[in-house]
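Novice: What follows is final19.txt, compact mmCIF, C-alpha atoms.
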# COMPACT_ATOMS: atom_id res chain seq x y z
CA MET A 120 19.23 45.16 -11.15
CA ASP A 121 20.95 44.04 -14.33
CA GLU A 122 21.32 40.40 -13.39
CA PRO A 123 18.25 38.16 -12.85
CA SER A 124 20.24 36.37 -10.14
CA GLN A 125 20.18 39.56 -8.01
CA ARG A 126 16.41 39.49 -7.58
CA PRO A 127 15.19 38.86 -4.00
CA THR A 128 12.81 36.05 -3.07
CA PRO A 129 9.82 36.05 -0.66
CA LEU A 130 10.02 35.07 2.98
CA LEU A 131 6.87 33.19 4.02
CA ARG A 132 5.71 32.44 7.57
CA TRP A 133 4.11 28.99 7.58
CA ARG A 134 3.05 26.89 10.56
CA GLY A 135 5.28 28.78 12.94
CA GLY A 136 8.41 28.56 10.80
CA LEU A 137 9.92 30.78 8.12
CA LEU A 138 10.34 29.65 4.52
CA LYS A 139 12.82 31.41 2.26
CA LEU A 140 11.40 30.64 -1.18
CA GLU A 141 14.55 30.15 -3.25
CA CYS A 142 12.44 27.87 -5.46
CA LEU A 143 11.28 31.12 -7.09
CA ARG A 144 14.77 32.02 -8.30
CA PRO A 145 15.18 32.70 -12.06
CA ALA A 146 16.89 29.31 -12.51
CA GLY A 147 14.39 27.51 -10.26
CA GLY A 148 16.80 27.02 -7.38
CA VAL A 149 19.30 28.55 -5.00
CA ASP A 150 22.42 27.78 -7.07
CA ASP A 151 22.26 30.96 -9.14
CA ARG A 152 22.95 32.92 -5.92
CA ALA A 153 26.59 31.83 -6.24
CA LEU A 154 27.15 32.69 -9.92
CA GLY A 155 29.20 35.71 -8.86
CA ILE A 156 32.16 33.40 -8.22
CA PHE A 157 32.44 32.69 -11.97
CA PRO A 158 35.06 34.74 -13.83
CA PRO A 159 34.00 37.15 -16.60
CA LEU A 160 34.50 35.28 -19.86
CA ALA A 161 34.40 36.61 -23.39
CA ARG A 162 31.61 35.59 -25.75
CA GLY A 163 32.66 32.40 -27.51
CA ALA A 164 34.89 31.21 -24.64
CA ARG A 165 34.82 27.60 -23.44
CA ALA A 166 34.31 26.61 -19.81
CA SER A 167 33.93 23.42 -17.79
CA LEU A 168 32.23 22.71 -14.47
CA ALA A 169 31.56 19.88 -12.02
CA ALA A 170 27.98 20.26 -10.80
CA THR A 171 24.78 18.70 -9.54
CA ALA A 172 21.75 19.07 -11.79
CA GLY A 173 20.62 22.25 -10.04
CA GLY A 174 24.07 23.80 -10.32
CA ALA A 175 24.32 22.75 -13.96
CA LEU A 176 21.00 24.45 -14.77
CA ALA A 177 22.07 27.68 -13.06
CA ALA A 178 25.41 27.61 -14.89
CA ALA A 179 23.69 26.84 -18.19
CA GLY A 180 21.61 30.01 -17.86
CA TRP A 181 24.76 32.00 -17.07
CA ALA A 182 26.58 30.54 -20.09
CA ARG A 183 23.65 31.11 -22.43
CA ARG A 184 23.37 34.78 -21.50
CA ARG A 185 27.08 35.29 -22.12
CA GLY A 186 27.54 33.13 -25.20
CA VAL A 187 29.92 30.78 -23.38
CA GLU A 188 30.31 27.16 -24.51
CA LEU A 189 29.77 25.14 -21.33
CA ASN A 190 30.78 21.52 -20.62
CA VAL A 191 29.49 19.93 -17.42
CA ALA A 192 30.54 16.83 -15.49
CA LEU A 193 27.23 16.00 -13.80
CA TYR A 194 26.95 14.03 -10.57
CA GLY A 195 24.26 13.19 -8.04
CA ALA A 196 20.62 12.20 -8.46
CA ALA A 197 18.79 13.96 -11.29
CA SER A 198 15.23 13.59 -12.47
CA HIS A 199 14.29 12.95 -16.08
CA GLU A 200 12.87 16.49 -16.26
CA MET A 201 16.13 18.05 -15.05
CA ILE A 202 18.10 16.17 -17.69
CA GLU A 203 15.70 17.25 -20.42
CA ALA A 204 15.90 20.85 -19.23
CA LEU A 205 19.69 20.71 -19.50
CA ARG A 206 19.41 19.43 -23.05
CA LEU A 207 17.14 22.35 -23.92
CA TRP A 208 19.37 24.92 -22.25
CA GLY A 209 22.34 23.90 -24.35
CA PRO A 210 25.40 22.81 -22.35
CA THR A 211 27.27 19.63 -23.20
CA PHE A 212 27.13 17.30 -20.20
CA GLU A 213 28.05 13.78 -19.14
CA ARG A 214 27.07 11.78 -16.07
CA VAL A 215 29.69 10.68 -13.55
CA PRO A 216 29.07 8.75 -10.32
CA THR A 217 30.72 10.95 -7.65
CA ARG A 218 31.62 14.56 -6.92
CA GLU A 219 35.31 13.69 -6.81
CA GLU A 220 35.19 12.11 -10.25
CA ALA A 221 33.20 15.06 -11.57
CA LEU A 222 35.86 17.49 -10.35
CA ARG A 223 38.55 15.41 -12.04
CA ARG A 224 36.56 15.08 -15.26
CA ALA A 225 35.80 18.83 -15.38
CA ARG A 226 39.54 19.53 -15.43
CA GLU A 227 39.87 17.21 -18.42
CA LEU A 228 37.05 18.81 -20.42
CA GLY A 229 39.13 21.87 -21.27
CA GLY A 230 38.41 25.56 -21.35
CA GLU A 231 38.16 27.75 -18.23
CA LEU A 232 37.63 25.58 -15.15
CA LEU A 233 34.77 27.15 -13.19
CA PRO A 234 34.64 26.90 -9.39
CA PRO A 235 31.92 24.54 -8.11
CA LEU A 236 28.65 26.10 -7.03
CA ASP A 237 28.56 23.88 -3.93
CA GLY A 238 32.11 24.57 -2.69
CA ALA A 239 33.71 26.83 -0.09
CA ARG A 240 33.84 29.87 -2.38
CA ALA A 241 30.16 29.41 -3.17
CA ALA A 242 29.30 29.37 0.55
CA VAL A 243 31.08 32.72 0.99
CA GLU A 244 29.15 34.18 -1.96
CA LEU A 245 25.87 32.81 -0.58
CA ALA A 246 26.60 34.47 2.76
CA ARG A 247 26.96 37.75 0.86
CA THR A 248 23.83 37.29 -1.25
CA LEU A 249 21.26 35.03 0.41
CA GLY A 250 22.59 35.58 3.93
CA GLU A 251 22.60 39.37 3.70
CA GLU A 252 19.10 39.33 2.25
CA LEU A 253 17.87 37.26 5.19
CA LEU A 254 19.59 39.57 7.68
CA HIS A 255 17.57 42.39 6.18
CA ASP A 256 14.27 40.43 6.24
CA VAL A 257 14.44 38.50 9.54
CA SER A 258 13.82 40.54 12.68
CA SER A 259 14.35 37.87 15.34
CA PRO A 260 16.72 34.90 15.49
CA PRO A 261 15.51 31.53 14.15
CA GLU A 262 16.43 28.61 16.38
CA PHE A 263 17.94 26.81 13.41
CA VAL A 264 18.31 26.90 9.65
CA ILE A 265 17.44 23.72 7.74
CA ALA A 266 18.13 22.80 4.11
CA PRO A 267 18.77 19.68 2.02
CA ALA A 268 22.34 18.42 2.29
CA GLY A 269 22.79 18.85 -1.45
CA ALA A 270 22.44 22.60 -0.88
CA SER A 271 25.16 22.69 1.77
CA ALA A 272 26.73 25.90 0.41
CA ALA A 273 23.39 27.70 0.81
CA LEU A 274 22.97 26.31 4.33
CA LEU A 275 26.50 27.18 5.44
CA GLY A 276 26.45 30.61 3.83
CA THR A 277 23.11 31.48 5.42
CA VAL A 278 24.18 30.35 8.88
CA GLN A 279 27.51 32.16 8.54
CA ALA A 280 25.67 35.41 7.83
CA LEU A 281 23.01 34.98 10.53
CA ARG A 282 25.61 34.16 13.17
CA THR A 283 27.15 37.60 12.74
CA ARG A 284 24.03 38.85 14.54
CA TRP A 285 22.81 35.71 16.35
CA PRO A 286 25.77 33.43 17.20
CA ARG A 287 23.65 30.51 18.47
CA VAL A 288 21.73 29.76 15.27
CA ARG A 289 22.06 26.02 14.51
CA ALA A 290 22.47 24.41 11.10
CA ILE A 291 20.61 21.21 10.09
CA ALA A 292 21.26 19.34 6.84
CA LEU A 293 18.69 16.84 5.56
CA VAL A 294 19.98 13.52 4.23
CA ALA A 295 18.15 10.57 2.71
CA ALA A 296 17.08 7.76 5.04
CA ASP A 297 16.44 5.45 2.08
CA GLU A 298 16.04 6.61 -1.52
CA GLU A 299 18.38 9.35 -2.71
CA LEU A 300 16.72 12.36 -4.32
CA PRO A 301 18.00 15.50 -6.06
CA GLU A 302 19.52 17.59 -3.22
CA LEU A 303 19.06 14.71 -0.76
CA PRO A 304 22.13 12.42 -0.76
CA ARG A 305 22.42 9.37 1.49
CA GLY A 306 25.15 10.94 3.59
CA GLY A 307 28.16 13.23 3.62
CA GLU A 308 30.54 15.13 5.87
CA PHE A 309 29.10 18.32 7.36
CA PRO A 310 31.43 19.63 10.08
CA GLY A 311 29.51 21.64 12.65
CA VAL A 312 26.17 20.76 11.07
CA GLU A 313 23.51 18.43 12.49
CA ALA A 314 22.39 15.78 9.97
CA ARG A 315 18.77 14.64 9.98
CA ALA A 316 17.47 11.77 7.85
CA ILE A 317 14.12 11.71 6.08
CA SER A 318 12.50 8.95 4.05
CA PHE A 319 11.29 9.19 0.46
CA THR A 320 7.72 8.59 1.67
CA ASP A 321 7.86 11.44 4.19
CA ALA A 322 9.47 13.77 1.64
CA SER A 323 6.68 12.97 -0.84
CA ARG A 324 4.02 13.71 1.78
CA ALA A 325 5.76 16.96 2.66
CA ARG A 326 5.75 18.03 -0.98
CA SER A 327 2.02 17.38 -1.30
CA ASP A 328 1.27 19.11 2.01
CA LEU A 329 3.26 22.24 1.11
CA ALA A 330 1.62 22.49 -2.30
CA ARG A 331 -1.91 22.03 -1.00
CA SER A 332 -1.72 24.22 2.10
CA ALA A 333 0.67 26.99 1.00
CA GLY A 334 0.48 26.86 -2.80
CA VAL A 335 4.25 26.35 -3.02
CA LEU A 336 5.53 23.73 -5.47
CA ALA A 337 8.95 22.68 -4.20
CA SER A 338 11.21 19.71 -4.68
CA HIS A 339 10.76 16.71 -2.38
CA ALA A 340 13.88 17.60 -0.39
CA ALA A 341 13.07 21.31 -0.10
CA ALA A 342 9.48 20.59 0.97
CA ALA A 343 10.78 18.22 3.64
CA ALA A 344 12.94 21.05 4.98
CA ALA A 345 9.87 23.31 5.08
CA ILE A 346 7.86 20.75 7.07
CA LEU A 347 10.70 20.21 9.55
CA ALA A 348 11.26 23.93 10.11
CA GLY A 349 8.32 23.69 12.50
CA GLU A 350 8.06 26.21 15.30
CA GLY A 351 10.96 28.64 15.31
CA GLY A 352 13.04 27.32 12.40
CA LEU A 353 13.97 28.79 9.04
CA ALA A 354 13.90 26.52 5.98
CA ILE A 355 15.65 27.32 2.73
CA VAL A 356 13.19 26.05 0.11
CA THR A 357 16.02 25.48 -2.29
CA SER A 358 14.43 24.34 -5.54
CA ALA A 359 11.22 24.14 -7.51
CA GLY A 360 9.23 20.94 -7.79
CA GLU A 361 8.22 20.97 -11.45
CA ARG A 362 11.51 19.25 -12.28
CA GLU A 363 10.58 16.19 -10.22
CA PHE A 364 7.32 14.98 -11.72
CA SER A 365 8.65 11.52 -12.57
CA LEU A 366 11.88 11.21 -10.58
CA GLU A 367 13.00 8.97 -13.42
CA ARG A 368 16.75 8.60 -13.39
CA ALA A 369 18.77 9.21 -16.55
CA ARG A 370 21.38 6.55 -17.15
In structure tokens, write the structure found in this file.

Specialist:
Amino acid sequence: MDEPSQRPTPLLRWRGGLLKLECLRPAGGVDDRALGIFPPLARGARASLAATAGGALAAAGWARRRGVELNVALYGAASHEMIEALRLWGPTFERVPTREEALRRARELGGELLPPLDGARAAVELARTLGEELLHDVSSPPEFVIAPAGASAALLGTVQALRTRWPRVRAIALVAADEELPELPRGGEFPGVEARAISFTDASRARSDLARSAGVLASHAAAAAAILAGEGGLAIVTSAGEREFSLERAR
């Protein structure tokens, strides 16, 4: 495998559910599964992207390996650690309040406009990568797949792939009941997907529980998905937790 993003991740059975540990991806999250939608660019080329912090980090690794100058319009909640990691990884980035504004701003930044890692094309790529890997690893149908709403492309791609074998698999997206977190927005439109709200307090407890009992350090939102997988579900543990030590917001 030439690309780090092609490496598989473990599937862990925990408390009756299955956890797909995408938090162990090379970029620390599931977003690098969709990097195949980016065009091949020459070394020294310029590119722009609208992304969440997780998507920006995955894209920054891609750009660094290829010598591409990357500009990012960054939206959504981001911890202090995620912002500092972006600064270390090298892309130029600016904060914008919404996804729509980020998409508009990315067009203005110049260079090759990269497709978003949380869009429809990304979901198709995630069905091919993450979904196909799960089809190989899972021997019986999960009742549902659950993931943070901020990782909707991973959720939709996974369910799309699993439904080719098990048409009745349900999709559940976690949203924030109170405080927004990375990957856990307050709401959103998810056609055909059940939305389930979780509080900041419960997400924090889930993170501690998962770390203590399974030795898995995941983000608050991803750990909440793991807890809620329960009996018969499959949770996509979408990102690592070391980026959320403070949850301090960059302004």

Novice: What does the structure give for the distance between atom CA of Glu244 of chain A and atom CA of Leu281 of chain A, in Å to one decimal?

Specialist: 13.9 Å

Novice: Figure out the distance between atom CA of Leu254 of chain A and atom CA of Ala340 of chain A, please, to one decimal in Å.

Specialist: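 Rounded to one decimal, the two atoms are 24.1 Å apart.
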
Novice: Return the single residue from A:Leu274, A:Glu308, A:Leu168, A:Thr128 that is closest to Arg226 of chain A, with distances computed using all atoms listed in the file.

Specialist: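 Using all atoms listed in the file, Arg226 of chain A sits closest to A:Leu168.
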
Novice: So, with only C-alpha atoms as the atoms that count, which of A:Ala172, A:Thr277, A:Arg282, A:Arg224 lies closest to Ala204 of chain A?

Specialist: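 Residue with the minimum atom-to-atom distance to Ala204 of chain A: A:Ala172.
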
Novice: Give the answer as one residue: which of A:Asp297, A:Ala337, A:Ala241, A:Arg132 has the shortest atom-to-atom distance to Ala316 of chain A, using all atoms listed in the file?

Specialist: A:Asp297

Novice: Need to verify the contact set: Ala314 of chain A, 12 Å, only C-alpha atoms, exclusion of same-chain residues closer than 2 positions in sequence. Can you return it as an MDAnalysis selection string?

Specialist: chainID A and resid 264:269 271 274 289:296 303:312 316:317 344

Novice: Ranking A:Leu140, A:Ala182, A:Leu236, A:Val191 by minimum distance to Arg214 of chain A and counting only C-alpha atoms, which one comes first?

Specialist: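 When distances to Arg214 of chain A are compared using only C-alpha atoms, the smallest one comes from A:Val191.
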
Novice: How big is the axis-aligned box around all listed atoms of segment 320-335 of chain A once 5 Å goes on each side, and where's its centre, in Å to one decimal, as lines of an AutoDock Vina configuration file?

Specialist:
center_x = 3.8
center_y = 17.8
center_z = 0.6
size_x = 21.4
size_y = 28.4
size_z = 17.2

Novice: Counting only C-alpha atoms, which residue out of A:Arg326, A:Arg183, A:Arg165, A:Arg315 sits closest to Val356 of chain A?

Specialist: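 Of the candidates, the smallest distance to Val356 of chain A is held by A:Arg326.
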